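Below is one structure, written out as structure tokens; the observations come after it.
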Amino acid sequence: MSIVGLFAQLLAILLALALAPLLTGWVNQWRAWLQNRRAPGLLQPYRVLHKLFNKESVVAEHATPIFRVAPYIMFGCMALACGIAPTLSTDLPLAPAADAIALVGLFALARVFISLAAMDIGTSFGTLGARREMLIGFLAEPALLMVLFSASLITQSTSLAMIVETLAHQPFAIYPSLAVAGVAFTMVSLAENARVPVDNPATHLELTMIHEALILEYSGRHLALVEWAASLKLFAYSCIGLALFVPWGVAEAGTPLAILFAIPMLVVKLAVGGVLLALIETINAKMRLFRVPEFLATAFLLAVIALLVHVLLGA
Amino acid sequence: MLLLDWILIVIAGWLILGFAGIGVLRNTAFVARVLFPAGAALGMALAGLAFAGLLGTPETAVLAIGLPDLPFHLRLDGLSAFFLLVIGAISVGVSVFAAGYFRHGEGTPPGLMCLEYHLFLASMALVVLADDAYAFMVMWETMALSSFFLVTANHRVPAIREAGFLYLLIAHIGAIGILLCFGVLQANTGDYTFANMRAQSLSPLWASVAFLLATVGFGAKAGILPLHVWLPEAHPAAPSPVSALMSAVMLKTAIYGLLRVSFDLLGAQQWWWGVLLLAVGLATALYGVVFSAVQTDMKRLLAYSSIENIGLLFVGIGLGVLFNAYGMKALSALALTAALYHALGHAFFKSLLFLATGSVLHSTGERSLGKLGGLMRRMPWVAWLSLVGVLASSGLPPFSGFVSEWLLLQSFLFTTGLPDSFLNMLVPVLAAGIALVAALAGYTMVKFYGVIFLGQPREPKLADAHPASPLERAGLVWLGAGCVLLGLFPVAAIGLIDPVTQLLVGGGIAETVRANGWLLLSPSSPDRASYSPLVFLLVVSVAVLFAAVLVRKFYHGRLRRAPAWDCGYPAQTARMQDTAEGFGQPIRQIFEPFFRMRRELPSPFDAKPHYRVTIEDHFWHWLYLPVARLTAGIARVVGRLQQGRIAIYLLYSFVTLMVLLVVVKS
């Protein structure tokens with residue numbers, strides 16, 4: 001562990017905390033433009049967060065402490081996820097603490113807590129949201145794990161930093177397994193981040209909402225933390241996807257200059273990724289809830305095929 | 001004195017406590033205040049001695065009890081010491097809990113209960129110490145019988161008697177398998193000591209026969225497919241401390257037996273044994289977790305979850321066999337470490353959860369998930385400790401379940417190195433199944449916890465629920481601490497498992513793991529894979545703390561309590577929450593072919609709409625009922641012989657006599 005490494009680590013987390021709402025705002029802006037609407041400002045998510053933090057929190061009378069700690073735990077989990085995702089450099093002091101499998105566990109921990117919190121109030125929507133969220137979770141989690149497994153088998157490591165380093169070093173070649181895994185990862189990311197076609201982040205229609213039903217009872221600072229954590233999750237997923245499938249530009253040498261160079265690269269990649277996400281959300285319709293298992297089973301099968309392709313072809 | 005002698009003294013102590021219970025048959029206070037706490041102290045002593053035994057050298061002893069010329073051979077080595085540690089450590093928590101639990105006399109008088117309970121503990125300890133087939137079988141049967149009487153403690157209920165008989169039946173199918181397995185292993189020498197069995201080298205065919213018999217025999221006790229049907233019947237029937245012991249410890253003695261036979265006694269292994277265990281294990285795990293997710297009785301849910309965990313253990317052992325068959329000692333040790341870690345972790349979290357259901361049952365008198373809810377406010381201790389168990393059981397970091405899952409997935413990642421091209425293609429794909437099982441376990445546990453402890457009480461009488469007694473809490477705290485410590489200090493815990501893998505495959509991962517420092521768990525090199533639960537916990541806690549402090553510093557900490565909003569619906573009742581049925585609905589829909597389901601749906605015109613769904617196990621109809629029908633058919637045919645008239649019976653005797661005379665004469 002070096003001083004530069006420590007600095008890069010802190011920078012990565014702070015950058016994620018600062019930039020995550022911007023990414024959400026960017027996606028929302030593009031979504032609006034693509035749908036022929038007038039877009040909210042790029043900084044709208046920050047204004048929303050500021051407003052929510054200023055408001056008082058209203059908590060249901062019979063809520064237990066689980067309801068109140070869950071947003072913090074979710075936020076903490078996502079902060080760590082952004083810390084171990086190789087966003088800027090691969091020389092991260094935190095990277096050995098949690099590898100790709102632990103990352104999946106981290107997302108699961110956050111999901112379990114927020115689902116428990118939703119069940120805590122004991123309303124019809126809360127439990128419904130919890131059930132749906134866990135449904136998507138148990139379908140998406142193995143698919144995500146299999147995607148990471150394919151990358152691990154290619155690079156002989158489950159450490160995210162090592163995976164990215166190895167992939168970035170190899171001469172440019174399209175791995176068939178990684179290509180298939182990339183499609184699976186995109187599908188999982190859409191589901192995990194409550195995006196169309198699985199969920200709609202902008203809906204409050206009772207019959208269709210999943211993530212929104214889950215956090216229906218939150219207000220004030222708790223809601224702000226949940227929203228912030230959700231944008232951190234999108235940020236972490238985007239960074240992991242970029243690191244796995246477009247690894248170039250991440251600083252390998254832990255020099256300050258390389259890290260400074262990595263920042264604009266990351267911003268450019270995220271900007272392009274955000275537009276693509278908005279495009280996917282615009283050209284797809286939200287599917288019925290009971291089509292979602294089919295969608296995610298497809299992702300799971302694709303991920304398993306990626307694994308098989310790698311083992312069979314060695315590529 | 002040898003360690004083994006001290007261990008025998010502890011076991012004798014358990015027996016004395018048990019028989020003391022007969023003296024005070026109906027004195028609940030004495031049994032609860034004196035005998036059970038004393039049993040817990042002995043359990044602690046056993047755990048300590050077993051810990052010393054793990055570090056020491058193997059010891060043997062011969063006890064001159066039993067039949068003439070057939071003394072009990074006992075042996076304490078790494079494998080038996082590890083399982084003794086499990087028995088001792090879990091029994092501490094369960095006995096302390098039981099001291100607070102058996103306060104009302106129900107069914108069997110408390111003194112008798114105390115005898116059965118301590119006999120059960122002592123027989124389990126002696127099973128793992130036995131060093132010859134005779135002692136092993138005697139203790140195995142004692143264990144089965146004492147647990148049978150414990151299961152049927154409340155024997156006036158017909159359903160409980162039926163569950164008990166089913167358990168006894170399958171336990172004996174298993175016992176036959178084990179007995180035959182020992183018969184094969186002694187290879188016609190007539191010497192049934194384990195030392196002799198180790199010395200024999202069987203032909204591959206006979207070795208496979210012995211292995212298959214052991215898999216069936218121990219599998220019946222462990223609850224693998226299709227011999228699992230007794231588990232969901234017997235566990236809910238038994239009093240909670242007994243379910244906890246059976247699920248957490250007794251199932252592990254079957255794992256012990258499988259490891260002892262397939263690694264220690266059989267020596268050379270064949271690759272397809274590993275594949276068989278992997279396949280059976282994965283099928284069992286998937287079956288268990290899917291059924292667990294749709295249960296509506298909290299103890300049945302946990303029983304199915306135990307089936308799932310046993311499946312995972314079999315998968316770990318199967319990988320260990322597979323690697324070992326190809327001479328890959330270090331990888332075999334890694335897979336076995338994952339399995340043993342899970343055995344230890346499962347013992348802690350499953351006993352914790354079973355005991356918690358016991359507290360809930362005592363406090364509310366209700367076992368059905370559909371009639372519980374909101375108990376966190378009534379029983380905060382039980383609820384918070386159960387949360388630890390639930391998180392460990394879901395395989396979430398930084399608790400114990402995640403460490404074993406992580407190790408297991410890591411060993412799957414190494415299977416591409418297998419020499420057989422067919423295997424190194426297929427086996428990594430099985431990891432997908434493990435991932436699915438782990439994720440479904442999370443679903444099940446959220447349902448279990450959310451429906452019991454969170455939300456609003458679904459029945460008015462839950463308002464009278466009382467918190468658990470101090471002794472119950474103490475037992476739960478002990479087990480919860482185990483889940484947390486096993487999750488946070490995996491490097492130290494792997495040190496405990498190392499002597500076992502050294503004994504079984506002649507290799508271990510503790511040295512590599514220790515070389516990477518106590519903070520970082522890394523089975524090969526940190527570049528390849530690493531995980532540090534302490535750093536994980538630290539970073540998340542720091543982030544949580546920072547968030548909480550900074551929000552209060554820059555903004556405010558104002559909070560207002562108000563009625564739940566729920567999209568502004570004015571009339572909310574507790575019945576609008578998801579029931580256990582509702583929460584399991586997606587699983588029922590997705591995994592429909594797994595179940596044999598019967599639904600009764602109301603029509604729109606029913607004045608009193610009624611909805612009913614029953615879910616049954618296919619295996620009843622595929623395997624058990626045909627066998628039962630066949631047995632009944634044969635019995636009917638044989639029954640024709642019985643006419644109930646003396647003349648007929650005299651005729652039978654006469655004919656038999658004539659036939660015998662003819663045979664003797666010719």
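If you're wondering about the labels, chains in the structure tokens are A, B, ... by order shown, residues count from 1 in each chain, ligands from 1 in order shown.
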
From the DSSP assignment of the backbone, select every residue of stretch 38-272 of chain A that is helix (DSSP H, G or I), and format the answer as a ChimeraX atom specification. /A:44-54,65-84,95-97,100-121,124-155,160-169,176-192,211-214,220-245,256-272

As an exercise, work out the distance from atom CA of A:Phe53 to atom CA of B:Val540 in Å and give it to one decimal place.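 Taking atom CA of A:Phe53 as the start and atom CA of B:Val540 as the end point, the length is 21.1 Å.
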
For each of B:Ile11, B:Leu3, B:Ile90, B:Leu550, take the minimum atom-to-atom distance to chain A, counting only C-alpha atoms, then give the residue where this is smallest.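 So, comparing all the options, the nearest one is B:Leu550.
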
Would you please work out which residue, of A:Ser115, A:Thr255, A:Ser238, A:Gln170, is nearest to A:Val267 when using only C-alpha atoms?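 Comparing A:Ser115, A:Thr255, A:Ser238, A:Gln170 against A:Val267, the winner is A:Ser238.
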
Selection near stretch 138-154 of chain B, 6 Å with only C-alpha atoms, sequence-local residues under 3 positions removed, as a list in words: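 Listed by chain and then number, they are Gly107, Thr108, Glu116, Phe120, Ser123, Val127, Ala135, Ile160, Arg161, Gly164 and Ala238 of chain B.
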
Contacts of B:Gly442 at 7 Å (only C-alpha atoms; same-chain gap of 4+ positions) as a list in words: Ser394, Ala438 and Val446 of chain B

For each of B:Ala45, B:Leu440, B:Arg458, B:Ala432, take the minimum atom-to-atom distance to A:Ala303, counting only C-alpha atoms, then give the residue where this is smallest.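 Residue with the minimum atom-to-atom distance to A:Ala303: B:Ala432.
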
I'd like the contact shell of B:Ala32 - 10 Å cut-off, only C-alpha atoms, skipping same-chain residues fewer than 6 positions apart - returned as a list in words.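 These residues fall inside the cut-off: Ala38, Ser95, Val96, Phe97, Ala98, Ala99, Gly100, Tyr101, Phe102, Arg103, Pro110, Gly111 and Cys114 of chain B.
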
What's around A:Met78 at 8 Å? Count only C-alpha atoms, leave out sequence neighbours fewer than 3 positions away in its own chain, and write the answer as a PyMOL selection string. chain A and resi 74-75+81-82+106-107+110+229+232-233+236

Keeping only N, CA and C atoms, write the selected residues to a file as a PDB file, in the first residue's frame.
```
ATOM      1  N   MET A  74     -27.519   0.655   3.615  1.00  0.00           N
ATOM      2  CA  MET A  74     -27.510   0.619   2.156  1.00  0.00           C
ATOM      3  C   MET A  74     -26.480   1.603   1.616  1.00  0.00           C
ATOM      4  N   PHE A  75     -26.482   2.789   2.196  1.00  0.00           N
ATOM      5  CA  PHE A  75     -25.538   3.812   1.765  1.00  0.00           C
ATOM      6  C   PHE A  75     -24.099   3.346   1.994  1.00  0.00           C
ATOM      7  N   ALA A  81     -18.855  -0.443  -2.241  1.00  0.00           N
ATOM      8  CA  ALA A  81     -18.866  -0.994  -3.597  1.00  0.00           C
ATOM      9  C   ALA A  81     -18.140  -0.052  -4.547  1.00  0.00           C
ATOM     10  N   CYS A  82     -18.390   1.259  -4.384  1.00  0.00           N
ATOM     11  CA  CYS A  82     -17.690   2.214  -5.243  1.00  0.00           C
ATOM     12  C   CYS A  82     -16.210   2.246  -4.906  1.00  0.00           C
ATOM     13  N   LEU A 106     -22.121  -7.939  -1.129  1.00  0.00           N
ATOM     14  CA  LEU A 106     -22.358  -6.572  -0.658  1.00  0.00           C
ATOM     15  C   LEU A 106     -23.698  -6.049  -1.180  1.00  0.00           C
ATOM     16  N   PHE A 107     -23.939  -6.246  -2.474  1.00  0.00           N
ATOM     17  CA  PHE A 107     -25.225  -5.818  -3.044  1.00  0.00           C
ATOM     18  C   PHE A 107     -26.370  -6.584  -2.395  1.00  0.00           C
ATOM     19  N   ALA A 110     -27.214  -5.135   1.066  1.00  0.00           N
ATOM     20  CA  ALA A 110     -28.010  -3.913   0.972  1.00  0.00           C
ATOM     21  C   ALA A 110     -29.452  -4.247   0.623  1.00  0.00           C
ATOM     22  N   ALA A 229     -27.920   6.402  -2.404  1.00  0.00           N
ATOM     23  CA  ALA A 229     -27.368   5.052  -2.500  1.00  0.00           C
ATOM     24  C   ALA A 229     -27.758   4.417  -3.828  1.00  0.00           C
ATOM     25  N   LEU A 232     -25.531   5.745  -6.345  1.00  0.00           N
ATOM     26  CA  LEU A 232     -24.208   5.136  -6.163  1.00  0.00           C
ATOM     27  C   LEU A 232     -24.177   3.741  -6.758  1.00  0.00           C
ATOM     28  N   LYS A 233     -25.299   3.033  -6.610  1.00  0.00           N
ATOM     29  CA  LYS A 233     -25.350   1.670  -7.135  1.00  0.00           C
ATOM     30  C   LYS A 233     -25.241   1.697  -8.657  1.00  0.00           C
ATOM     31  N   ALA A 236     -21.714   2.402  -9.454  1.00  0.00           N
ATOM     32  CA  ALA A 236     -20.833   1.254  -9.240  1.00  0.00           C
ATOM     33  C   ALA A 236     -21.014   0.236 -10.365  1.00  0.00           C
TER      34      ALA A 236
END
```
